[in-house]
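Enquirer: input-v2.csv is reproduced below (CSV, C-alpha atoms).
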chain,number,residue,atom,x,y,z
A,544,MET,CA,0.0,0.0,0.0
A,545,LYS,CA,3.0,2.3,0.5
A,546,LYS,CA,4.0,2.5,-3.2
A,547,PRO,CA,0.5,3.8,-4.5
A,548,LEU,CA,0.5,6.4,-1.6
A,549,VAL,CA,4.0,7.6,-2.6
A,550,LEU,CA,2.9,7.8,-6.2
A,551,ILE,CA,-0.3,9.8,-5.4
A,552,VAL,CA,1.8,12.3,-3.3
A,553,LEU,CA,4.3,12.6,-6.2
A,554,LEU,CA,1.6,13.2,-8.8
A,555,LEU,CA,-0.2,15.7,-6.5
A,556,SER,CA,3.1,17.6,-6.0
A,557,LEU,CA,3.7,17.8,-9.7
A,558,TYR,CA,0.2,19.2,-10.1
A,559,LEU,CA,0.4,21.7,-7.4
A,560,LEU,CA,4.0,22.9,-8.2
A,561,PRO,CA,3.0,25.3,-11.0
A,562,ILE,CA,0.2,26.7,-8.8
A,563,TRP,CA,2.6,27.3,-5.9
A,564,GLY,CA,5.0,28.9,-8.2
A,565,PHE,CA,2.3,31.2,-9.6
A,566,ALA,CA,1.1,32.1,-6.2
A,567,ALA,CA,4.7,33.0,-5.0
A,568,LYS,CA,5.3,35.1,-8.2
A,569,GLN,CA,2.0,36.9,-7.7
A,570,GLN,CA,2.8,37.6,-4.0
A,571,GLN,CA,6.3,38.9,-5.1
A,572,GLN,CA,4.6,41.2,-7.7
A,573,GLN,CA,2.2,42.6,-5.1
A,574,GLN,CA,5.1,43.3,-2.8
A,575,GLN,CA,6.9,45.1,-5.6
A,576,GLN,CA,3.8,47.2,-6.3
A,577,GLN,CA,3.5,48.3,-2.6
A,578,PRO,CA,4.3,52.1,-2.6
A,579,GLN,CA,7.6,52.9,-0.9
A,580,GLN,CA,7.4,54.9,2.2
A,581,LEU,CA,8.1,58.6,1.9
A,582,ARG,CA,10.0,59.7,5.0
A,583,PHE,CA,11.8,62.8,6.4
A,584,GLY,CA,15.6,62.6,6.2
A,585,LYS,CA,18.0,62.4,9.2
A,586,ASP,CA,18.4,66.2,8.8
A,587,GLY,CA,14.7,66.6,9.7
A,588,GLU,CA,13.9,67.9,6.2
A,589,PHE,CA,11.6,66.9,3.3
A,590,LYS,CA,11.9,68.7,0.0
A,591,ILE,CA,9.4,68.6,-2.9
A,592,LEU,CA,10.1,69.8,-6.4
A,593,GLN,CA,6.9,70.9,-8.3
A,594,VAL,CA,7.0,70.8,-12.1
A,595,ALA,CA,3.9,72.4,-13.8
A,596,ASP,CA,2.9,72.3,-17.4
A,597,MET,CA,5.7,70.6,-19.3
A,598,HIS,CA,3.5,70.3,-22.4
A,599,TYR,CA,5.9,67.7,-23.8
A,600,GLY,CA,5.4,66.8,-27.4
A,601,ASP,CA,7.6,64.7,-29.7
A,602,GLY,CA,10.9,65.6,-28.2
A,603,LYS,CA,13.6,67.4,-30.3
A,604,THR,CA,11.3,67.9,-33.3
A,605,THR,CA,8.8,69.8,-31.1
A,606,PRO,CA,9.5,73.6,-31.2
A,607,CYS,CA,9.4,76.0,-28.3
A,608,GLU,CA,6.8,78.7,-27.8
A,609,ASP,CA,7.2,82.3,-26.6
A,610,VAL,CA,11.0,82.4,-26.4
A,611,LEU,CA,13.4,85.0,-27.7
A,612,PRO,CA,14.2,85.0,-31.4
A,613,SER,CA,17.8,84.1,-30.7
A,614,GLU,CA,16.7,81.0,-28.7
A,615,PHE,CA,14.1,79.7,-31.1
A,616,PRO,CA,16.3,77.8,-33.7
A,617,THR,CA,17.8,75.4,-31.1
A,618,CYS,CA,14.9,75.2,-28.6
A,619,SER,CA,12.7,72.1,-28.2
A,620,ASP,CA,11.2,69.7,-25.7
A,621,LEU,CA,14.8,68.8,-24.9
A,622,ASN,CA,15.1,72.2,-23.1
A,623,THR,CA,12.3,71.1,-20.8
A,624,THR,CA,14.2,67.9,-20.1
A,625,ALA,CA,17.5,69.8,-19.4
A,626,PHE,CA,15.7,72.1,-17.0
A,627,ILE,CA,14.3,69.2,-14.9
A,628,GLN,CA,17.8,67.6,-14.8
A,629,ARG,CA,19.3,70.9,-13.6
A,630,MET,CA,16.7,71.3,-10.9
A,631,ILE,CA,17.2,67.8,-9.7
A,632,LEU,CA,21.0,68.2,-9.5
A,633,ALA,CA,20.7,71.7,-7.8
A,634,GLU,CA,18.0,70.9,-5.3
A,635,LYS,CA,18.3,67.2,-4.7
A,636,PRO,CA,14.6,66.9,-3.8
A,637,ASN,CA,13.2,64.0,-1.8
A,638,PHE,CA,10.1,63.9,-4.0
A,639,ILE,CA,9.0,65.3,-7.3
A,640,VAL,CA,5.4,66.3,-8.2
A,641,PHE,CA,4.1,66.9,-11.7
A,642,THR,CA,0.9,68.9,-11.6
A,643,GLY,CA,-0.6,68.2,-15.0
A,644,ASP,CA,-0.4,69.0,-18.7
A,645,ASN,CA,2.6,66.7,-18.6
A,646,ILE,CA,2.2,66.2,-22.3
A,647,PHE,CA,0.5,68.4,-24.9
A,648,GLY,CA,-1.7,65.7,-26.4
A,649,PHE,CA,-2.4,67.4,-29.7
A,650,ASP,CA,1.3,67.4,-30.5
A,651,ALA,CA,2.2,64.0,-29.0
A,652,THR,CA,2.2,61.5,-32.0
A,653,ASP,CA,2.7,58.6,-29.6
A,654,PRO,CA,1.4,59.7,-26.1
A,655,ALA,CA,3.0,56.7,-24.3
A,656,LYS,CA,6.4,57.6,-25.8
A,657,SER,CA,5.9,61.3,-24.9
A,658,LEU,CA,5.0,60.4,-21.3
A,659,ASN,CA,8.1,58.2,-21.0
A,660,ALA,CA,10.3,61.0,-22.3
A,661,ALA,CA,8.6,63.7,-20.2
A,662,PHE,CA,9.2,61.8,-16.9
A,663,ALA,CA,12.5,60.3,-17.9
A,664,PRO,CA,14.7,62.7,-15.8
A,665,ALA,CA,12.6,61.8,-12.7
A,666,ILE,CA,12.8,58.1,-13.5
A,667,SER,CA,16.5,58.1,-14.1
A,668,SER,CA,17.2,60.1,-10.9
A,669,LYS,CA,15.5,57.2,-8.9
A,670,ILE,CA,13.8,59.9,-6.8
A,671,PRO,CA,10.2,59.0,-5.9
A,672,TRP,CA,7.7,61.0,-8.0
A,673,ALA,CA,4.0,61.5,-8.5
A,674,ALA,CA,1.8,63.1,-11.1
A,675,VAL,CA,-1.8,64.4,-11.7
A,676,LEU,CA,-3.5,65.1,-15.0
A,677,GLY,CA,-4.2,68.5,-16.6
A,678,ASN,CA,-6.6,69.4,-19.4
A,679,HIS,CA,-4.2,68.5,-22.3
A,680,ASP,CA,-2.8,65.1,-21.3
A,681,GLN,CA,-5.6,63.1,-22.9
A,682,GLU,CA,-5.8,64.9,-26.2
A,683,SER,CA,-3.8,62.3,-28.2
A,684,THR,CA,-4.8,58.6,-28.7
A,685,LEU,CA,-4.8,57.7,-25.0
A,686,SER,CA,-7.9,58.3,-22.9
A,687,ARG,CA,-7.7,60.1,-19.6
A,688,GLU,CA,-7.8,56.8,-17.8
A,689,GLY,CA,-5.2,55.3,-20.2
A,690,VAL,CA,-2.8,58.2,-19.5
A,691,MET,CA,-3.0,57.7,-15.8
A,692,LYS,CA,-2.6,53.9,-16.0
A,693,HIS,CA,0.5,54.4,-18.2
A,694,ILE,CA,1.9,56.8,-15.6
A,695,VAL,CA,1.3,54.4,-12.8
A,696,GLY,CA,3.2,51.7,-14.7
A,697,LEU,CA,6.4,53.8,-14.9
A,698,LYS,CA,9.4,53.2,-12.6
A,699,ASN,CA,9.8,54.9,-9.2
A,700,THR,CA,6.4,56.6,-9.3
A,701,LEU,CA,4.0,56.6,-6.4
A,702,SER,CA,1.1,57.8,-8.6
A,703,GLN,CA,-2.2,55.9,-8.3
A,704,VAL,CA,-5.1,55.6,-10.7
A,705,ASN,CA,-7.5,56.0,-7.8
A,706,PRO,CA,-7.8,55.0,-4.1
A,707,VAL,CA,-8.8,51.3,-3.7
A,708,GLU,CA,-11.2,52.2,-0.9
A,709,ALA,CA,-13.2,54.6,-3.1
A,710,HIS,CA,-15.5,52.4,-5.1
A,711,VAL,CA,-17.1,55.3,-6.9
A,712,ILE,CA,-15.1,58.5,-7.6
A,713,ASP,CA,-14.8,60.9,-10.4
A,714,GLY,CA,-11.6,61.4,-12.5
A,715,PHE,CA,-8.3,59.5,-12.5
A,716,GLY,CA,-5.4,60.3,-10.2
A,717,ASN,CA,-7.0,60.9,-6.8
A,718,TYR,CA,-4.8,59.6,-4.0
A,719,ASN,CA,-3.0,60.4,-0.8
A,720,LEU,CA,0.6,59.9,0.2
A,721,GLN,CA,1.9,60.0,3.7
A,722,VAL,CA,5.3,61.2,4.7
A,723,GLY,CA,6.6,59.5,7.8
A,724,GLY,CA,8.8,60.9,10.6
A,725,VAL,CA,12.5,60.3,10.8
A,726,GLU,CA,13.5,56.7,11.0
A,727,GLY,CA,14.4,55.8,14.6
A,728,SER,CA,12.5,58.7,16.1
A,729,SER,CA,9.3,58.4,18.1
A,730,PHE,CA,7.4,59.7,15.0
A,731,GLU,CA,8.7,57.1,12.6
A,732,ASN,CA,5.4,55.3,12.4
A,733,LYS,CA,3.3,58.5,12.1
A,734,SER,CA,2.5,60.5,9.0
A,735,VAL,CA,3.8,63.9,9.9
A,736,LEU,CA,3.0,65.4,6.5
A,737,ASN,CA,0.1,64.4,4.3
A,738,LEU,CA,0.0,64.9,0.5
A,739,TYR,CA,-3.3,64.9,-1.4
A,740,PHE,CA,-3.5,64.6,-5.1
A,741,LEU,CA,-6.7,65.2,-7.1
A,742,ASP,CA,-7.9,65.2,-10.7
A,743,SER,CA,-9.3,68.7,-11.4
A,744,GLY,CA,-10.7,67.4,-14.7
A,745,ASP,CA,-10.3,68.8,-18.2
A,746,TYR,CA,-13.4,70.5,-19.5
A,747,SER,CA,-17.0,70.7,-18.3
A,748,THR,CA,-19.2,67.6,-19.1
A,749,VAL,CA,-22.4,69.5,-18.3
A,750,SER,CA,-23.8,71.0,-21.5
A,751,SER,CA,-25.2,74.1,-19.7
A,752,ILE,CA,-21.9,74.9,-18.1
A,753,LEU,CA,-19.0,76.1,-20.3
A,754,GLY,CA,-15.3,76.1,-19.6
A,755,TYR,CA,-12.9,73.9,-17.5
A,756,GLY,CA,-13.6,71.0,-15.2
A,757,TRP,CA,-13.7,71.0,-11.4
A,758,ILE,CA,-13.3,68.7,-8.4
A,759,LYS,CA,-16.5,66.8,-8.0
A,760,PRO,CA,-18.5,65.9,-4.8
A,761,SER,CA,-17.3,62.3,-4.9
A,762,GLN,CA,-13.7,63.5,-4.8
A,763,GLN,CA,-14.4,65.9,-2.0
A,764,LEU,CA,-16.1,63.1,0.0
A,765,TRP,CA,-13.0,60.9,-0.4
A,766,PHE,CA,-10.8,63.9,0.6
A,767,GLU,CA,-12.9,64.5,3.7
A,768,ARG,CA,-12.9,60.9,4.8
A,769,THR,CA,-9.2,60.5,4.2
A,770,SER,CA,-8.4,63.7,6.1
A,771,LYS,CA,-10.5,62.6,9.1
A,772,LYS,CA,-8.8,59.2,9.1
A,773,LEU,CA,-5.3,60.7,9.0
A,774,GLN,CA,-6.1,63.2,11.7
A,775,ARG,CA,-7.5,60.4,14.0
A,776,ALA,CA,-4.3,58.4,13.6
A,777,TYR,CA,-2.1,61.4,14.2
A,778,MET,CA,-3.9,62.5,17.3
A,779,ASP,CA,-3.9,59.0,18.7
A,780,LYS,CA,-1.2,57.1,20.7
A,781,PRO,CA,1.7,56.7,20.5
A,782,GLU,CA,2.9,60.3,20.5
A,783,ALA,CA,-0.7,61.6,20.5
A,784,GLN,CA,-0.8,65.1,19.0
A,785,LYS,CA,-3.1,68.0,19.9
A,786,GLY,CA,-3.8,69.0,16.2
A,787,PRO,CA,-3.7,67.5,12.8
A,788,ALA,CA,-0.5,67.0,10.7
A,789,PRO,CA,-0.2,69.6,8.0
A,790,GLY,CA,-1.5,68.7,4.6
A,791,LEU,CA,-0.5,69.9,1.1
A,792,VAL,CA,-2.8,69.5,-1.9
A,793,TYR,CA,-1.8,69.2,-5.6
A,794,PHE,CA,-4.0,69.5,-8.7
A,795,HIS,CA,-3.9,71.3,-12.0
A,796,ILE,CA,-6.7,73.8,-12.5
A,797,PRO,CA,-6.8,76.6,-10.0
A,798,LEU,CA,-9.9,77.2,-7.8
A,799,PRO,CA,-12.0,80.4,-8.3
A,800,GLU,CA,-10.6,81.6,-4.9
A,801,PHE,CA,-7.2,82.2,-6.7
A,802,ALA,CA,-8.9,85.3,-8.0
A,803,SER,CA,-9.0,86.8,-4.5
A,804,PHE,CA,-5.6,88.3,-4.8
A,805,ASP,CA,-3.9,91.3,-6.4
A,806,SER,CA,-0.3,92.6,-6.5
A,807,THR,CA,-0.6,93.9,-2.9
A,808,ASN,CA,-1.2,90.6,-1.1
A,809,ILE,CA,0.8,88.0,-3.0
A,810,THR,CA,4.4,86.8,-3.2
A,811,GLY,CA,5.2,86.4,-6.9
A,812,VAL,CA,3.4,87.8,-10.0
A,813,LYS,CA,0.0,87.7,-11.5
A,814,GLN,CA,0.2,88.3,-15.2
A,815,GLU,CA,-2.9,86.7,-16.5
A,816,GLY,CA,-6.5,86.0,-15.5
A,817,ILE,CA,-7.4,83.0,-13.3
A,818,SER,CA,-8.6,80.2,-15.6
A,819,SER,CA,-10.7,78.3,-13.1
A,820,ALA,CA,-13.9,76.5,-13.7
A,821,SER,CA,-16.9,78.8,-14.3
A,822,VAL,CA,-18.7,77.2,-11.3
A,823,ASN,CA,-17.4,77.0,-7.7
A,824,SER,CA,-17.5,73.4,-6.5
A,825,GLY,CA,-16.9,74.4,-2.9
A,826,PHE,CA,-13.6,72.5,-2.6
A,827,PHE,CA,-11.9,75.4,-0.9
A,828,THR,CA,-14.6,75.4,1.8
A,829,THR,CA,-14.2,71.6,2.1
A,830,MET,CA,-10.4,72.0,2.7
A,831,LEU,CA,-11.0,74.8,5.2
A,832,ALA,CA,-13.5,72.7,7.1
A,833,ALA,CA,-11.1,69.7,7.2
A,834,GLY,CA,-8.6,71.9,9.1
A,835,ASP,CA,-5.3,70.2,8.1
A,836,VAL,CA,-4.6,71.8,4.7
A,837,LYS,CA,-1.9,74.5,4.8
A,838,ALA,CA,-1.2,75.0,1.1
A,839,VAL,CA,-2.5,74.2,-2.4
A,840,PHE,CA,-0.3,73.9,-5.5
A,841,THR,CA,-1.5,74.2,-9.1
A,842,GLY,CA,-0.4,75.0,-12.6
A,843,HIS,CA,-2.5,75.8,-15.7
A,844,ASP,CA,-2.0,79.6,-15.8
A,845,HIS,CA,1.7,79.7,-16.9
A,846,LEU,CA,2.3,83.4,-16.4
A,847,ASN,CA,1.1,83.4,-12.8
A,848,ASP,CA,3.6,82.2,-10.2
A,849,PHE,CA,2.3,83.7,-7.0
A,850,CYS,CA,1.3,82.5,-3.5
A,851,GLY,CA,-1.4,84.2,-1.5
A,852,GLN,CA,-3.0,83.3,1.8
A,853,LEU,CA,-6.7,83.1,2.1
A,854,THR,CA,-8.2,82.3,5.6
A,855,GLY,CA,-5.2,80.3,6.6
A,856,ILE,CA,-4.6,78.4,3.4
A,857,GLN,CA,-1.8,79.3,0.9
A,858,LEU,CA,-2.9,79.2,-2.7
A,859,CYS,CA,0.2,78.8,-5.0
A,860,TYR,CA,1.0,78.6,-8.6
A,861,ALA,CA,4.3,77.0,-9.8
A,862,GLY,CA,4.7,79.1,-12.9
A,863,GLY,CA,5.2,77.7,-16.4
A,864,PHE,CA,7.9,75.1,-16.7
A,865,GLY,CA,7.7,73.6,-20.2
A,866,TYR,CA,9.2,75.1,-23.3
A,867,HIS,CA,6.4,73.8,-25.6
A,868,ALA,CA,3.9,75.7,-23.5
A,869,TYR,CA,2.8,79.3,-23.9
A,870,GLY,CA,4.9,81.7,-21.9
A,871,LYS,CA,6.4,85.1,-22.2
A,872,ALA,CA,9.6,85.7,-24.2
A,873,GLY,CA,12.3,87.0,-21.8
A,874,TRP,CA,10.4,85.7,-18.7
A,875,ALA,CA,12.2,82.6,-17.6
A,876,ARG,CA,10.6,79.3,-17.2
A,877,ARG,CA,10.5,78.3,-13.5
A,878,ALA,CA,9.8,75.6,-10.9
A,879,ARG,CA,8.6,75.7,-7.3
A,880,VAL,CA,10.4,74.1,-4.4
A,881,VAL,CA,8.7,73.4,-1.0
A,882,VAL,CA,10.6,72.3,2.1
A,883,ALA,CA,9.1,71.0,5.3
A,884,ASN,CA,11.3,71.1,8.4
A,885,LEU,CA,10.7,69.2,11.7
A,886,GLU,CA,11.0,70.4,15.2
A,887,LYS,CA,13.1,68.9,18.0
A,888,THR,CA,11.3,67.2,20.9
A,889,GLU,CA,12.3,67.7,24.5
A,890,LYS,CA,14.3,64.5,24.3
A,891,GLY,CA,16.3,65.9,21.4
A,892,SER,CA,14.9,63.7,18.6
A,893,TRP,CA,13.0,64.8,15.6
A,894,GLY,CA,9.3,65.4,16.1
A,895,ALA,CA,6.4,67.1,14.2
A,896,VAL,CA,6.6,69.5,11.3
A,897,LYS,CA,7.8,72.9,12.5
A,898,SER,CA,7.6,75.0,9.3
A,899,ILE,CA,7.0,74.8,5.6
A,900,ARG,CA,8.9,77.2,3.3
A,901,THR,CA,8.9,77.7,-0.5
A,902,TRP,CA,10.9,79.4,-3.3
A,903,LYS,CA,11.1,79.2,-7.0
A,904,ARG,CA,14.1,78.8,-9.3
A,905,LEU,CA,14.4,80.3,-12.8
A,906,ASP,CA,15.8,78.5,-15.8
A,907,ASP,CA,18.7,81.0,-16.3
A,908,ALA,CA,22.4,80.6,-16.2
A,909,HIS,CA,22.4,80.5,-12.4
A,910,LEU,CA,19.1,78.8,-11.6
A,911,THR,CA,18.4,82.0,-9.7
A,912,PRO,CA,16.2,81.4,-6.6
A,913,ILE,CA,13.4,84.0,-6.1
A,914,ASP,CA,10.5,84.7,-3.8
A,915,GLY,CA,11.5,82.7,-0.8
A,916,HIS,CA,9.1,82.8,2.1
A,917,VAL,CA,7.4,80.8,4.9
A,918,LEU,CA,4.1,79.2,3.9
A,919,TRP,CA,3.2,78.0,7.4
A,920,SER,CA,4.8,77.6,10.8
A,921,LYS,CA,3.6,75.8,13.9
A,922,THR,CA,4.7,78.7,16.1
A,923,SER,CA,2.7,81.4,14.3
A,924,ALA,CA,-0.3,79.0,14.0
A,925,GLU,CA,-0.3,78.4,17.8
A,926,SER,CA,0.1,82.1,18.5
A,927,LEU,CA,-2.9,82.8,16.2
A,928,ASN,CA,-5.0,80.2,18.1
A,929,VAL,CA,-4.0,81.7,21.4
A,930,GLN,CA,-4.9,85.2,20.2
A,931,CYS,CA,-8.2,84.0,18.8
A,932,ALA,CA,-9.0,82.2,22.1
A,933,GLY,CA,-8.1,85.4,24.0
A,934,ASN,CA,-10.2,87.6,21.8
A,935,PHE,CA,-13.2,85.2,22.2
A,936,ALA,CA,-12.7,85.1,26.0
A,937,GLU,CA,-12.6,89.0,26.1
A,938,HIS,CA,-15.7,89.2,23.9
A,939,GLU,CA,-17.6,86.8,26.2
A,940,LEU,CA,-16.5,88.8,29.3
A,941,HIS,CA,-17.8,92.0,27.8
A,942,SER,CA,-21.0,90.3,26.7
A,943,SER,CA,-21.8,89.0,30.2
A,944,SER,CA,-21.0,92.3,32.0
Once you've parsed the file, please lay out its structure as structure tokens.
Expert:
Amino acid sequence: MKKPLVLIVLLLSLYLLPIWGFAAKQQQQQQQQQPQQLRFGKDGEFKILQVADMHYGDGKTTPCEDVLPSEFPTCSDLNTTAFIQRMILAEKPNFIVFTGDNIFGFDATDPAKSLNAAFAPAISSKIPWAAVLGNHDQESTLSREGVMKHIVGLKNTLSQVNPVEAHVIDGFGNYNLQVGGVEGSSFENKSVLNLYFLDSGDYSTVSSILGYGWIKPSQQLWFERTSKKLQRAYMDKPEAQKGPAPGLVYFHIPLPEFASFDSTNITGVKQEGISSASVNSGFFTTMLAAGDVKAVFTGHDHLNDFCGQLTGIQLCYAGGFGYHAYGKAGWARRARVVVANLEKTEKGSWGAVKSIRTWKRLDDAHLTPIDGHVLWSKTSAESLNVQCAGNFAEHELHSSS
């Protein structure tokens, strides 16, 4: 009876071996697809490079727009590539964010090839990167979903087509990334900085509403739920915090609230109108109510590169980056850099985010840095809260007397 039993086991093993092999391979692929953890460095710093509106076409055969006559003969998409490479070498960012119109679909003969070329400097740098869509990315032979799926398949990207927990959500490229504290610190398992990415659409799909797209209710609901979940985790043990971790939001088309500013209350320049949707979807109010968002970063309007603060939230443009995008001859292409710094705890280790600063660099001979300023600081926010509490207490005292 032993021989038949051995034979059965042998045959069963031969049958199951391919299945086991497939399962092991599938598990390995899933592990490889797990997004890598973004984390603050040992210096307590996390630096983000924002690249807006590359408008990449077919590479060296695609001419530049709005450059000086002397620059035009030798200018192409390759100038955009060179600018990214220079920025990466100069700033050595921890993370790169592309905020839409990554390619100019109408002039991209093979959109997959154009996307590969546009993101090539980020990929070759091995720096983690992420992207959202603009209003021109899908204007070639790939659909909006197809473009986002192609991006997600590229190396070193943390981009996502959409959150797995959101069964119904508008657009493609809505996701959240968490930035952990310094490894070895008491904050290493906490997300001390939250990054939100949303698809602001391309053009209105409502026949009675003209113009650009907007962030829809389904996306706002996902944002609200994600923000609440992250805040609960941050204010829970271990190292329970009194308030939420700061959040930064990235999308392409500016909100109508960007029109709230003029030259007297911005850092940077406003050289063209605000090309937002013709309707206000209420997303600014949604972010305000959430309570964790400190700054919003967009592109779309290439000649605007300002930041302005509205009721505690900084609204920032990056300024036009790409050379196949409209610009202004003699006005240098530019990129935005954002740096978050941590505070030291009483024990001397790295703790929560202390401040968030920004500046821009111009694509000139020296990559000239301009318009450096603080977007948010924990100290000023705490002082403002104390002042507001004091004003409220004084008001109550006068009201009762």
Enquirer: Measure the distance from atom CA of Asn678 of chain A to atom CA of Lys837 of chain A in Å and round it to one decimal.
Expert: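 Computing the Euclidean distance for atom CA of Asn678 of chain A and atom CA of Lys837 of chain A yields 25.2 Å.
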Enquirer: Between A:Met830, A:Ala861, A:Val735, A:Ile856, single out the one closest to Val896 of chain A, counting only C-alpha atoms.
Expert: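 That would be A:Val735, the residue with the smallest distance to Val896 of chain A.
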Enquirer: Find the distance between atom CA of Gly587 of chain A and atom CA of Lys921 of chain A and write it in Å to one decimal.
Expert: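 Computed distance, atom CA of Gly587 of chain A to atom CA of Lys921 of chain A, equals 15.0 Å.
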Enquirer: May I have the residues within 10 Å of Tyr739 of chain A as a list in words, using only C-alpha atoms and disregarding those fewer than 6 positions away in the same chain?
Expert: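 Answer for this query is Asn717, Tyr718, Asn719, Leu720, Gln721, Phe766, Thr769, Ser770, Gly790, Leu791, Val792, Tyr793, Phe794, Val836 and Val839 of chain A.
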Enquirer: Excluding His845 of chain A and residues on its chain fewer than 3 positions from it, collect all residues at most 10 Å away from it, counting all atoms listed in the file, and give them as JSON, numbers by chain.
Expert: {"A": [595, 596, 813, 814, 815, 842, 848, 860, 861, 862, 863, 864, 865, 868, 869, 870, 871, 876, 877]}
Enquirer: Please compute the atom CA of Gly584 of chain A-atom CA of Ile639 of chain A distance, one decimal, in Å.
Expert: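 Going from atom CA of Gly584 of chain A over to atom CA of Ile639 of chain A covers 15.3 Å.
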Enquirer: May I ask which of the residues A:Trp874, A:Ser747, A:Ser818, A:Trp893 is the closest one to Leu905 of chain A, counting all atoms listed in the file?
Expert: A:Trp874
Enquirer: Might you pull out every residue within 10 Å of Lys603 of chain A, with all atoms listed in the file counted and same-chain residues fewer than 5 positions away left off, and present them as a PyMOL selection string?
Expert: chain A and resi 617-622
Enquirer: Neighbours of Glu634 of chain A within 9 Å (all atoms listed in the file; same-chain residues fewer than 5 positions away dropped), as a ChimeraX atom specification?
Expert: /A:590,592,629,880
Enquirer: Which of these residues is nearest to Val722 of chain A, using all atoms listed in the file: A:Val881, A:Leu910, A:Leu736, A:Leu798?
Expert: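 The shortest atom-to-atom distance to Val722 of chain A comes from A:Leu736.
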Enquirer: Pick out the closest residue to Gly724 of chain A from this set: A:Ser613, A:Thr829, A:Tyr777, A:Phe638. Count all atoms listed in the file.
Expert: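 Using all atoms listed in the file, Gly724 of chain A sits closest to A:Tyr777.
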Enquirer: For Gly723 of chain A, work out the shell of residues within 9 Å, counting all atoms listed in the file and skipping chain neighbours fewer than 5 positions away, then give it as a list in words.
Expert: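 Result of the neighbour search: Gln580, Leu581, Arg582, Phe583, Phe730, Glu731, Asn732, Lys733, Ser734, Val735, Leu736 and Asn737 of chain A.
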Enquirer: Could you check which of A:Asp713, A:Ser819, A:Ala660, A:Thr623 is closest to Cys607 of chain A, using only C-alpha atoms?
Expert: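 Closest candidate: A:Thr623.
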Enquirer: From the options A:Ile758, A:Val812, A:Ile796, A:Leu853, which residue's atoms come nearest to Ile712 of chain A, counting all atoms listed in the file?
Expert: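 Ranking A:Ile758, A:Val812, A:Ile796, A:Leu853 by distance to Ile712 of chain A, first place goes to A:Ile758.
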Enquirer: Counting all atoms listed in the file, find residues at most 9 Å from (10.7, 88.8, -21.9) (file frame) and give them as a list in words.
Expert: Asp609, Val610, Leu611, Lys871, Ala872, Gly873, Trp874 and Ala875 of chain A
